[in-house]
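Structure file model.txt with compact mmCIF, N, CA and C atoms and all ligand atoms:
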# COMPACT_ATOMS: atom_id res chain seq x y z
N MET Y 10 37.75 121.94 179.05
CA MET Y 10 37.36 121.03 177.98
C MET Y 10 36.29 121.63 177.09
N GLY Y 11 35.86 122.87 177.40
CA GLY Y 11 34.77 123.53 176.70
C GLY Y 11 34.80 123.43 175.19
N ASP Y 12 35.94 123.76 174.58
CA ASP Y 12 35.96 123.72 173.12
C ASP Y 12 36.90 122.63 172.60
N CYS Y 13 37.00 121.54 173.36
CA CYS Y 13 37.85 120.43 172.94
C CYS Y 13 37.20 119.72 171.75
N ILE Y 14 37.94 119.64 170.66
CA ILE Y 14 37.40 119.07 169.42
C ILE Y 14 37.05 117.58 169.60
N PHE Y 15 37.85 116.86 170.37
CA PHE Y 15 37.58 115.42 170.53
C PHE Y 15 36.37 115.21 171.45
N CYS Y 16 36.19 116.06 172.47
CA CYS Y 16 34.97 115.99 173.28
C CYS Y 16 33.75 116.21 172.39
N ARG Y 17 33.87 117.10 171.44
CA ARG Y 17 32.72 117.38 170.55
C ARG Y 17 32.46 116.21 169.61
N ILE Y 18 33.50 115.52 169.17
CA ILE Y 18 33.30 114.32 168.34
C ILE Y 18 32.67 113.22 169.19
N VAL Y 19 33.17 113.03 170.41
CA VAL Y 19 32.62 112.02 171.32
C VAL Y 19 31.14 112.29 171.58
N ALA Y 20 30.77 113.55 171.74
CA ALA Y 20 29.38 113.94 172.02
C ALA Y 20 28.55 113.98 170.73
N GLN Y 21 29.18 113.70 169.60
CA GLN Y 21 28.52 113.74 168.28
C GLN Y 21 27.98 115.13 167.95
N GLU Y 22 28.62 116.15 168.51
CA GLU Y 22 28.27 117.53 168.13
C GLU Y 22 28.87 117.85 166.77
N ILE Y 23 30.02 117.22 166.48
CA ILE Y 23 30.56 117.31 165.13
C ILE Y 23 30.85 115.90 164.64
N ALA Y 24 30.81 115.75 163.33
CA ALA Y 24 30.88 114.42 162.74
C ALA Y 24 32.29 113.86 162.83
N GLY Y 25 32.35 112.58 163.11
CA GLY Y 25 33.61 111.84 163.03
C GLY Y 25 33.26 110.52 162.37
N ARG Y 26 34.20 109.97 161.60
CA ARG Y 26 33.98 108.62 161.02
C ARG Y 26 34.31 107.61 162.10
N ILE Y 27 33.29 107.19 162.82
CA ILE Y 27 33.50 106.34 164.00
C ILE Y 27 33.88 104.92 163.56
N ALA Y 28 34.93 104.40 164.16
CA ALA Y 28 35.37 103.03 163.86
C ALA Y 28 34.98 102.07 164.98
N TYR Y 29 34.78 102.61 166.19
CA TYR Y 29 34.44 101.77 167.35
C TYR Y 29 33.95 102.69 168.45
N GLU Y 30 32.98 102.22 169.23
CA GLU Y 30 32.63 102.95 170.45
C GLU Y 30 32.05 102.01 171.50
N ASP Y 31 32.29 102.35 172.75
CA ASP Y 31 31.65 101.65 173.87
C ASP Y 31 31.43 102.68 174.97
N ALA Y 32 31.13 102.21 176.16
CA ALA Y 32 30.77 103.13 177.25
C ALA Y 32 31.91 104.07 177.63
N ASP Y 33 33.14 103.64 177.41
CA ASP Y 33 34.30 104.41 177.88
C ASP Y 33 35.16 105.00 176.78
N LEU Y 34 35.13 104.38 175.59
CA LEU Y 34 36.08 104.73 174.53
C LEU Y 34 35.37 105.00 173.21
N VAL Y 35 35.98 105.85 172.40
CA VAL Y 35 35.53 106.07 171.03
C VAL Y 35 36.77 106.05 170.13
N ALA Y 36 36.62 105.43 168.96
CA ALA Y 36 37.70 105.45 167.97
C ALA Y 36 37.13 106.00 166.67
N PHE Y 37 37.88 106.91 166.03
CA PHE Y 37 37.41 107.51 164.78
C PHE Y 37 38.60 107.76 163.87
N HIS Y 38 38.31 107.82 162.57
CA HIS Y 38 39.37 108.00 161.57
C HIS Y 38 39.90 109.43 161.62
N ASP Y 39 41.22 109.56 161.55
CA ASP Y 39 41.87 110.88 161.57
C ASP Y 39 41.45 111.67 160.33
N ILE Y 40 41.22 112.96 160.53
CA ILE Y 40 40.78 113.84 159.44
C ILE Y 40 41.91 114.08 158.43
N ASN Y 41 43.13 113.89 158.87
CA ASN Y 41 44.31 114.15 158.01
C ASN Y 41 45.23 112.93 158.09
N PRO Y 42 44.81 111.82 157.46
CA PRO Y 42 45.49 110.53 157.68
C PRO Y 42 46.95 110.54 157.21
N GLN Y 43 47.81 109.95 158.03
CA GLN Y 43 49.24 109.85 157.73
C GLN Y 43 49.62 108.45 157.24
N ALA Y 44 48.62 107.62 157.04
CA ALA Y 44 48.82 106.25 156.56
C ALA Y 44 47.47 105.78 156.02
N PRO Y 45 47.46 104.71 155.22
CA PRO Y 45 46.19 104.22 154.69
C PRO Y 45 45.14 103.96 155.79
N VAL Y 46 45.59 103.46 156.94
CA VAL Y 46 44.71 103.37 158.11
C VAL Y 46 45.28 104.30 159.18
N HIS Y 47 44.47 105.23 159.63
CA HIS Y 47 44.91 106.15 160.69
C HIS Y 47 43.69 106.44 161.56
N ILE Y 48 43.64 105.74 162.69
CA ILE Y 48 42.48 105.81 163.59
C ILE Y 48 42.94 106.36 164.93
N LEU Y 49 42.13 107.22 165.52
CA LEU Y 49 42.41 107.78 166.84
C LEU Y 49 41.53 107.09 167.86
N ILE Y 50 42.13 106.66 168.96
CA ILE Y 50 41.39 105.97 170.03
C ILE Y 50 41.42 106.89 171.25
N VAL Y 51 40.25 107.29 171.71
CA VAL Y 51 40.18 108.29 172.78
C VAL Y 51 39.23 107.84 173.88
N PRO Y 52 39.51 108.24 175.13
CA PRO Y 52 38.52 108.02 176.19
C PRO Y 52 37.38 109.03 176.03
N ARG Y 53 36.16 108.62 176.38
CA ARG Y 53 35.05 109.58 176.33
C ARG Y 53 35.30 110.75 177.29
N ARG Y 54 35.88 110.43 178.45
CA ARG Y 54 36.17 111.45 179.45
C ARG Y 54 37.36 112.30 179.01
N HIS Y 55 37.25 113.59 179.21
CA HIS Y 55 38.34 114.47 178.82
C HIS Y 55 39.53 114.30 179.76
N ILE Y 56 40.65 113.81 179.22
CA ILE Y 56 41.92 113.73 179.94
C ILE Y 56 42.92 114.44 179.03
N GLU Y 57 43.61 115.44 179.55
CA GLU Y 57 44.44 116.30 178.70
C GLU Y 57 45.56 115.57 177.98
N SER Y 58 46.24 114.72 178.69
CA SER Y 58 47.39 114.04 178.10
C SER Y 58 47.78 112.89 179.02
N LEU Y 59 48.78 112.13 178.61
CA LEU Y 59 49.25 111.04 179.47
C LEU Y 59 49.74 111.58 180.81
N ASN Y 60 50.22 112.83 180.80
CA ASN Y 60 50.68 113.43 182.07
C ASN Y 60 49.57 113.53 183.11
N ALA Y 61 48.32 113.55 182.66
CA ALA Y 61 47.20 113.80 183.56
C ALA Y 61 46.53 112.52 184.06
N VAL Y 62 47.01 111.35 183.63
CA VAL Y 62 46.34 110.12 184.06
C VAL Y 62 46.73 109.77 185.50
N THR Y 63 45.85 109.04 186.14
CA THR Y 63 46.10 108.59 187.52
C THR Y 63 46.08 107.07 187.54
N GLN Y 64 46.42 106.52 188.70
CA GLN Y 64 46.41 105.07 188.87
C GLN Y 64 45.03 104.50 188.53
N GLU Y 65 43.99 105.26 188.82
CA GLU Y 65 42.61 104.80 188.56
C GLU Y 65 42.33 104.66 187.06
N ASP Y 66 43.15 105.29 186.24
CA ASP Y 66 42.96 105.22 184.78
C ASP Y 66 43.68 104.02 184.16
N ALA Y 67 44.36 103.24 184.98
CA ALA Y 67 45.19 102.15 184.43
C ALA Y 67 44.35 101.17 183.60
N HIS Y 68 43.15 100.85 184.08
CA HIS Y 68 42.30 99.90 183.35
C HIS Y 68 41.84 100.51 182.02
N LEU Y 69 41.48 101.78 182.06
CA LEU Y 69 41.06 102.49 180.84
C LEU Y 69 42.19 102.48 179.80
N LEU Y 70 43.40 102.75 180.25
CA LEU Y 70 44.55 102.77 179.34
C LEU Y 70 44.79 101.39 178.74
N GLY Y 71 44.64 100.38 179.56
CA GLY Y 71 44.81 99.01 179.07
C GLY Y 71 43.76 98.68 178.02
N ARG Y 72 42.53 99.12 178.27
CA ARG Y 72 41.47 98.86 177.31
C ARG Y 72 41.72 99.60 175.99
N MET Y 73 42.32 100.79 176.06
CA MET Y 73 42.65 101.52 174.82
C MET Y 73 43.58 100.66 173.95
N LEU Y 74 44.52 99.99 174.60
CA LEU Y 74 45.45 99.14 173.84
C LEU Y 74 44.74 97.92 173.25
N VAL Y 75 43.83 97.33 174.01
CA VAL Y 75 43.11 96.15 173.50
C VAL Y 75 42.23 96.55 172.32
N VAL Y 76 41.57 97.71 172.42
CA VAL Y 76 40.74 98.20 171.31
C VAL Y 76 41.63 98.48 170.09
N ALA Y 77 42.80 99.05 170.31
CA ALA Y 77 43.72 99.30 169.20
C ALA Y 77 44.11 97.99 168.52
N ARG Y 78 44.41 96.99 169.31
CA ARG Y 78 44.76 95.67 168.77
C ARG Y 78 43.60 95.11 167.95
N ASP Y 79 42.37 95.22 168.49
CA ASP Y 79 41.20 94.70 167.77
C ASP Y 79 40.98 95.45 166.46
N LEU Y 80 41.14 96.77 166.49
CA LEU Y 80 40.96 97.57 165.27
C LEU Y 80 42.03 97.23 164.24
N ALA Y 81 43.25 97.01 164.72
CA ALA Y 81 44.34 96.63 163.81
C ALA Y 81 43.99 95.32 163.11
N ARG Y 82 43.50 94.38 163.87
CA ARG Y 82 43.07 93.09 163.32
C ARG Y 82 41.96 93.28 162.29
N GLU Y 83 40.95 94.05 162.70
CA GLU Y 83 39.78 94.31 161.85
C GLU Y 83 40.16 94.95 160.52
N HIS Y 84 41.18 95.79 160.55
CA HIS Y 84 41.59 96.50 159.34
C HIS Y 84 42.72 95.78 158.60
N GLY Y 85 42.96 94.54 158.98
CA GLY Y 85 43.91 93.70 158.25
C GLY Y 85 45.36 94.06 158.45
N LEU Y 86 45.67 94.68 159.60
CA LEU Y 86 47.04 95.17 159.84
C LEU Y 86 47.87 94.21 160.69
N ALA Y 87 47.22 93.23 161.30
CA ALA Y 87 47.88 92.46 162.36
C ALA Y 87 49.15 91.76 161.86
N ASP Y 88 49.09 91.15 160.68
CA ASP Y 88 50.24 90.38 160.22
C ASP Y 88 51.38 91.26 159.73
N ASP Y 89 51.08 92.22 158.86
CA ASP Y 89 52.14 93.08 158.34
C ASP Y 89 52.72 93.98 159.43
N GLY Y 90 51.83 94.47 160.30
CA GLY Y 90 52.29 95.32 161.39
C GLY Y 90 51.64 96.69 161.36
N TYR Y 91 51.75 97.35 162.48
CA TYR Y 91 51.12 98.66 162.64
C TYR Y 91 51.85 99.39 163.75
N ARG Y 92 51.56 100.66 163.86
CA ARG Y 92 52.24 101.47 164.87
C ARG Y 92 51.20 102.20 165.72
N LEU Y 93 51.47 102.24 167.02
CA LEU Y 93 50.66 103.03 167.96
C LEU Y 93 51.51 104.20 168.42
N VAL Y 94 50.93 105.39 168.39
CA VAL Y 94 51.66 106.60 168.77
C VAL Y 94 50.84 107.36 169.80
N LEU Y 95 51.51 107.83 170.82
CA LEU Y 95 50.84 108.66 171.84
C LEU Y 95 51.74 109.87 172.06
N ASN Y 96 51.40 110.98 171.44
CA ASN Y 96 52.19 112.20 171.58
C ASN Y 96 51.82 112.92 172.87
N THR Y 97 52.83 113.32 173.62
CA THR Y 97 52.57 114.04 174.87
C THR Y 97 53.30 115.38 174.88
N ASN Y 98 52.50 116.42 174.84
CA ASN Y 98 52.97 117.81 174.92
C ASN Y 98 53.78 118.25 173.70
N ARG Y 99 54.28 119.44 173.79
CA ARG Y 99 54.74 120.21 172.64
C ARG Y 99 55.88 119.54 171.86
N ALA Y 100 56.89 119.08 172.56
CA ALA Y 100 58.06 118.56 171.85
C ALA Y 100 57.72 117.30 171.06
N ALA Y 101 56.69 116.59 171.49
CA ALA Y 101 56.29 115.37 170.79
C ALA Y 101 55.29 115.68 169.68
N GLY Y 102 54.80 116.92 169.64
CA GLY Y 102 53.88 117.30 168.58
C GLY Y 102 52.41 117.12 168.93
N GLN Y 103 52.09 117.00 170.23
CA GLN Y 103 50.67 116.90 170.58
C GLN Y 103 49.97 118.20 170.20
N SER Y 104 48.89 118.07 169.44
CA SER Y 104 48.17 119.27 168.99
C SER Y 104 46.74 119.30 169.50
N VAL Y 105 46.21 118.14 169.89
CA VAL Y 105 44.86 118.09 170.49
C VAL Y 105 45.05 117.56 171.92
N PHE Y 106 44.63 118.38 172.89
CA PHE Y 106 44.91 118.04 174.28
C PHE Y 106 43.74 117.28 174.91
N HIS Y 107 43.45 116.17 174.27
CA HIS Y 107 42.52 115.15 174.78
C HIS Y 107 43.21 113.83 174.44
N LEU Y 108 43.56 113.09 175.47
CA LEU Y 108 44.37 111.87 175.33
C LEU Y 108 43.92 111.02 174.13
N HIS Y 109 44.86 110.59 173.33
CA HIS Y 109 44.52 109.71 172.20
C HIS Y 109 45.73 108.90 171.77
N PHE Y 110 45.44 107.65 171.38
CA PHE Y 110 46.42 106.86 170.64
C PHE Y 110 46.14 107.01 169.17
N HIS Y 111 47.20 107.14 168.36
CA HIS Y 111 47.10 107.00 166.91
C HIS Y 111 47.36 105.54 166.58
N LEU Y 112 46.48 104.92 165.82
CA LEU Y 112 46.73 103.60 165.23
C LEU Y 112 47.01 103.83 163.75
N LEU Y 113 48.22 103.49 163.33
CA LEU Y 113 48.67 103.75 161.96
C LEU Y 113 49.07 102.44 161.31
N GLY Y 114 48.62 102.23 160.07
CA GLY Y 114 49.01 101.01 159.37
C GLY Y 114 48.73 101.09 157.89
N GLY Y 115 49.19 100.06 157.19
CA GLY Y 115 48.97 99.99 155.76
C GLY Y 115 50.15 100.48 154.94
N ARG Y 116 51.24 100.82 155.60
CA ARG Y 116 52.48 101.18 154.91
C ARG Y 116 53.65 100.88 155.85
N PHE Y 117 54.88 101.05 155.35
CA PHE Y 117 56.06 100.87 156.19
C PHE Y 117 56.38 102.16 156.93
N PHE Y 118 56.90 102.01 158.14
CA PHE Y 118 57.28 103.16 158.94
C PHE Y 118 58.77 103.12 159.24
N HIS Y 119 59.33 104.30 159.37
CA HIS Y 119 60.76 104.40 159.68
C HIS Y 119 61.01 104.35 161.18
N TRP Y 120 62.20 103.93 161.52
CA TRP Y 120 62.65 104.02 162.91
C TRP Y 120 64.10 104.45 162.90
N PRO Y 121 64.53 105.42 163.68
CA PRO Y 121 63.71 106.16 164.64
C PRO Y 121 62.70 107.08 163.94
N PRO Y 122 61.59 107.40 164.61
CA PRO Y 122 60.59 108.29 164.03
C PRO Y 122 61.15 109.70 163.92
N GLY Y 123 60.58 110.49 163.04
CA GLY Y 123 61.08 111.85 162.79
C GLY Y 123 60.82 112.78 163.94
P1 LIG Y 201 48.28 114.95 167.98
O1 LIG Y 201 49.11 115.85 167.11
O2 LIG Y 201 47.62 115.74 169.08
O3 LIG Y 201 48.97 113.72 168.47
O4 LIG Y 201 47.13 114.39 167.02
C1 LIG Y 201 45.94 115.06 166.77
C2 LIG Y 201 45.33 114.41 165.55
O5 LIG Y 201 43.96 114.81 165.48
C3 LIG Y 201 45.95 114.83 164.22
O6 LIG Y 201 46.43 113.68 163.53
C4 LIG Y 201 44.82 115.52 163.48
O7 LIG Y 201 44.83 115.27 162.09
C5 LIG Y 201 43.59 114.96 164.15
N1 LIG Y 201 42.44 115.86 164.14
C6 LIG Y 201 42.44 117.18 164.48
N2 LIG Y 201 41.20 117.68 164.37
C7 LIG Y 201 40.40 116.66 163.97
C8 LIG Y 201 39.00 116.56 163.70
O8 LIG Y 201 38.23 117.52 163.79
N3 LIG Y 201 38.53 115.34 163.31
C9 LIG Y 201 39.35 114.25 163.20
N4 LIG Y 201 38.78 113.11 162.81
N5 LIG Y 201 40.67 114.31 163.45
C10 LIG Y 201 41.19 115.49 163.84
ZN ZN Y 202 38.22 116.60 175.33
Take the structure in this file and express it as structure tokens.
Amino acid sequence: MGDCIFCRIVAQEIAGRIAYEDADLVAFHDINPQAPVHILIVPRRHIESLNAVTQEDAHLLGRMLVVARDLAREHGLADDGYRLVLNTNRAAGQSVFHLHFHLLGGRFFHWPPG
């Protein structure tokens, strides 16, 4: 986790536009937004990907979803809709190996995703 960019944002070693934080989670705006609202929700603890979670992380994962829901509400996305994305490993396009949900909203999304 030495040079993990998200660990550095969590530790405030590099700047992130923080949207929410608590003892376990941090949410910040994506540097390269793919929608009018594009927020990343991450655990403070370095977890490489969904593949690395354990049963003990179940509560943490649930809280990530509740925070995403709250942020969606706060940003006015709840009624029109929003998308949560969790990319895992290469084929899905994961590029930062610190677990994160993308919260995307403010436009229409296609299905199936590209
Ligand atoms: P992934 O492709 O791993 O699912 O998503 C990684 C996301 O992190 C990308 O959307 C990318 O734009 C974002 N990202 C990468 N580096 C930084 C950074 O230094 N700051 C912020 N705020 N977002 C970043
Ligand atoms: Zn990390």
For Ile48 of chain Y, the nearest of the candidates Y:Pro121, Y:Gly11, Y:Gly85, Y:Gly114, counting all atoms listed in the file:
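Residue with the minimum atom-to-atom distance to Ile48 of chain Y: Y:Gly114.
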Residue nearest Asn60 of chain Y among Y:Thr97, Y:Ser104, Y:Ile23, Y:Pro122 (counting only N, CA and C atoms)
Y:Thr97
Around ligand ZN 202 (chain Y), which protein and nucleic acid residues have at least one atom no more than 10 Å from it, if we count only C-alpha atoms and all ligand atoms? List them as a ChimeraX atom specification.
/Y:10-20,51-58,105-109
Show me which residues line ligand LIG 201 (chain Y), defined as having an atom within 6 Å of a ligand atom where only C-alpha atoms and all ligand atoms count, and present them as a PyMOL selection string.
chain Y and resi 14+25+38-41+96+102-105
Nearest to His47 of chain Y among Y:Ala28, Y:Val35, Y:Asp88, Y:Leu112, with distances taken over only C-alpha atoms: which residue is it?
Y:Leu112
Residues of chain Y in helix (DSSP H, G or I), written as a PyMOL selection string:
chain Y and resi 14-19+59-61+64-83+99-101
Please produce a file of those selected residues containing N, CA and C atoms, as an mmCIF file, keeping the file's coordinate frame.
data_model
loop_
_atom_site.group_PDB
_atom_site.id
_atom_site.type_symbol
_atom_site.label_atom_id
_atom_site.label_comp_id
_atom_site.auth_asym_id
_atom_site.auth_seq_id
_atom_site.Cartn_x
_atom_site.Cartn_y
_atom_site.Cartn_z
ATOM 1 N N ILE Y 14 37.940 119.640 170.660
ATOM 2 C CA ILE Y 14 37.400 119.070 169.420
ATOM 3 C C ILE Y 14 37.050 117.580 169.600
ATOM 4 N N PHE Y 15 37.850 116.860 170.370
ATOM 5 C CA PHE Y 15 37.580 115.420 170.530
ATOM 6 C C PHE Y 15 36.370 115.210 171.450
ATOM 7 N N CYS Y 16 36.190 116.060 172.470
ATOM 8 C CA CYS Y 16 34.970 115.990 173.280
ATOM 9 C C CYS Y 16 33.750 116.210 172.390
ATOM 10 N N ARG Y 17 33.870 117.100 171.440
ATOM 11 C CA ARG Y 17 32.720 117.380 170.550
ATOM 12 C C ARG Y 17 32.460 116.210 169.610
ATOM 13 N N ILE Y 18 33.500 115.520 169.170
ATOM 14 C CA ILE Y 18 33.300 114.320 168.340
ATOM 15 C C ILE Y 18 32.670 113.220 169.190
ATOM 16 N N VAL Y 19 33.170 113.030 170.410
ATOM 17 C CA VAL Y 19 32.620 112.020 171.320
ATOM 18 C C VAL Y 19 31.140 112.290 171.580
ATOM 19 N N LEU Y 59 48.780 112.130 178.610
ATOM 20 C CA LEU Y 59 49.250 111.040 179.470
ATOM 21 C C LEU Y 59 49.740 111.580 180.810
ATOM 22 N N ASN Y 60 50.220 112.830 180.800
ATOM 23 C CA ASN Y 60 50.680 113.430 182.070
ATOM 24 C C ASN Y 60 49.570 113.530 183.110
ATOM 25 N N ALA Y 61 48.320 113.550 182.660
ATOM 26 C CA ALA Y 61 47.200 113.800 183.560
ATOM 27 C C ALA Y 61 46.530 112.520 184.060
ATOM 28 N N GLN Y 64 46.420 106.520 188.700
ATOM 29 C CA GLN Y 64 46.410 105.070 188.870
ATOM 30 C C GLN Y 64 45.030 104.500 188.530
ATOM 31 N N GLU Y 65 43.990 105.260 188.820
ATOM 32 C CA GLU Y 65 42.610 104.800 188.560
ATOM 33 C C GLU Y 65 42.330 104.660 187.060
ATOM 34 N N ASP Y 66 43.150 105.290 186.240
ATOM 35 C CA ASP Y 66 42.960 105.220 184.780
ATOM 36 C C ASP Y 66 43.680 104.020 184.160
ATOM 37 N N ALA Y 67 44.360 103.240 184.980
ATOM 38 C CA ALA Y 67 45.190 102.150 184.430
ATOM 39 C C ALA Y 67 44.350 101.170 183.600
ATOM 40 N N HIS Y 68 43.150 100.850 184.080
ATOM 41 C CA HIS Y 68 42.300 99.900 183.350
ATOM 42 C C HIS Y 68 41.840 100.510 182.020
ATOM 43 N N LEU Y 69 41.480 101.780 182.060
ATOM 44 C CA LEU Y 69 41.060 102.490 180.840
ATOM 45 C C LEU Y 69 42.190 102.480 179.800
ATOM 46 N N LEU Y 70 43.400 102.750 180.250
ATOM 47 C CA LEU Y 70 44.550 102.770 179.340
ATOM 48 C C LEU Y 70 44.790 101.390 178.740
ATOM 49 N N GLY Y 71 44.640 100.380 179.560
ATOM 50 C CA GLY Y 71 44.810 99.010 179.070
ATOM 51 C C GLY Y 71 43.760 98.680 178.020
ATOM 52 N N ARG Y 72 42.530 99.120 178.270
ATOM 53 C CA ARG Y 72 41.470 98.860 177.310
ATOM 54 C C ARG Y 72 41.720 99.600 175.990
ATOM 55 N N MET Y 73 42.320 100.790 176.060
ATOM 56 C CA MET Y 73 42.650 101.520 174.820
ATOM 57 C C MET Y 73 43.580 100.660 173.950
ATOM 58 N N LEU Y 74 44.520 99.990 174.600
ATOM 59 C CA LEU Y 74 45.450 99.140 173.840
ATOM 60 C C LEU Y 74 44.740 97.920 173.250
ATOM 61 N N VAL Y 75 43.830 97.330 174.010
ATOM 62 C CA VAL Y 75 43.110 96.150 173.500
ATOM 63 C C VAL Y 75 42.230 96.550 172.320
ATOM 64 N N VAL Y 76 41.570 97.710 172.420
ATOM 65 C CA VAL Y 76 40.740 98.200 171.310
ATOM 66 C C VAL Y 76 41.630 98.480 170.090
ATOM 67 N N ALA Y 77 42.800 99.050 170.310
ATOM 68 C CA ALA Y 77 43.720 99.300 169.200
ATOM 69 C C ALA Y 77 44.110 97.990 168.520
ATOM 70 N N ARG Y 78 44.410 96.990 169.310
ATOM 71 C CA ARG Y 78 44.760 95.670 168.770
ATOM 72 C C ARG Y 78 43.600 95.110 167.950
ATOM 73 N N ASP Y 79 42.370 95.220 168.490
ATOM 74 C CA ASP Y 79 41.200 94.700 167.770
ATOM 75 C C ASP Y 79 40.980 95.450 166.460
ATOM 76 N N LEU Y 80 41.140 96.770 166.490
ATOM 77 C CA LEU Y 80 40.960 97.570 165.270
ATOM 78 C C LEU Y 80 42.030 97.230 164.240
ATOM 79 N N ALA Y 81 43.250 97.010 164.720
ATOM 80 C CA ALA Y 81 44.340 96.630 163.810
ATOM 81 C C ALA Y 81 43.990 95.320 163.110
ATOM 82 N N ARG Y 82 43.500 94.380 163.870
ATOM 83 C CA ARG Y 82 43.070 93.090 163.320
ATOM 84 C C ARG Y 82 41.960 93.280 162.290
ATOM 85 N N GLU Y 83 40.950 94.050 162.700
ATOM 86 C CA GLU Y 83 39.780 94.310 161.850
ATOM 87 C C GLU Y 83 40.160 94.950 160.520
ATOM 88 N N ARG Y 99 54.280 119.440 173.790
ATOM 89 C CA ARG Y 99 54.740 120.210 172.640
ATOM 90 C C ARG Y 99 55.880 119.540 171.860
ATOM 91 N N ALA Y 100 56.890 119.080 172.560
ATOM 92 C CA ALA Y 100 58.060 118.560 171.850
ATOM 93 C C ALA Y 100 57.720 117.300 171.060
ATOM 94 N N ALA Y 101 56.690 116.590 171.490
ATOM 95 C CA ALA Y 101 56.290 115.370 170.790
ATOM 96 C C ALA Y 101 55.290 115.680 169.680
#
Run DSSP on the backbone of this structure and report the residues of segment 40-118 of chain Y it assigns to strand (DSSP E or B), as number ranges by chain.
Y: 46-52, 91-94, 110-114
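Ranking Y:Ala81, Y:Leu49, Y:Pro42, Y:Asp33 by their shortest atom-to-atom distance to Asp66 of chain Y, with only C-alpha atoms included, puts Y:Asp33 first.
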Nearest-residue call for Leu86 of chain Y, choices Y:Leu113, Y:Ala44, Y:Leu59, Y:Ala36, using all atoms listed in the file:
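Between Y:Leu113, Y:Ala44, Y:Leu59, Y:Ala36, the residue approaching Leu86 of chain Y most closely is Y:Leu113.
Going from atom CA of Leu70 of chain Y to atom N of Asp31 of chain Y covers 13.9 Å.
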Using all atoms listed in the file, which residue out of Y:Arg26, Y:Ala100, Y:Ala77, Y:Pro45 lies closest to Gly115 of chain Y?
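Smallest separation from Gly115 of chain Y among the options: Y:Pro45.
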Atom CA of Gly90 of chain Y to atom CA of Ile50 of chain Y, straight-line distance in Å:
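Result for atom CA of Ile50 of chain Y versus atom CA of Gly90 of chain Y: 17.5 Å, one decimal.
We find atom CA of Asn98 of chain Y and atom N of Ala61 of chain Y to be spaced 10.0 Å apart.
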Nearby residues (only C-alpha atoms) at most 9 Å from Leu74 of chain Y, same-chain spacing under 4 positions excluded, as a count of residues only:
7
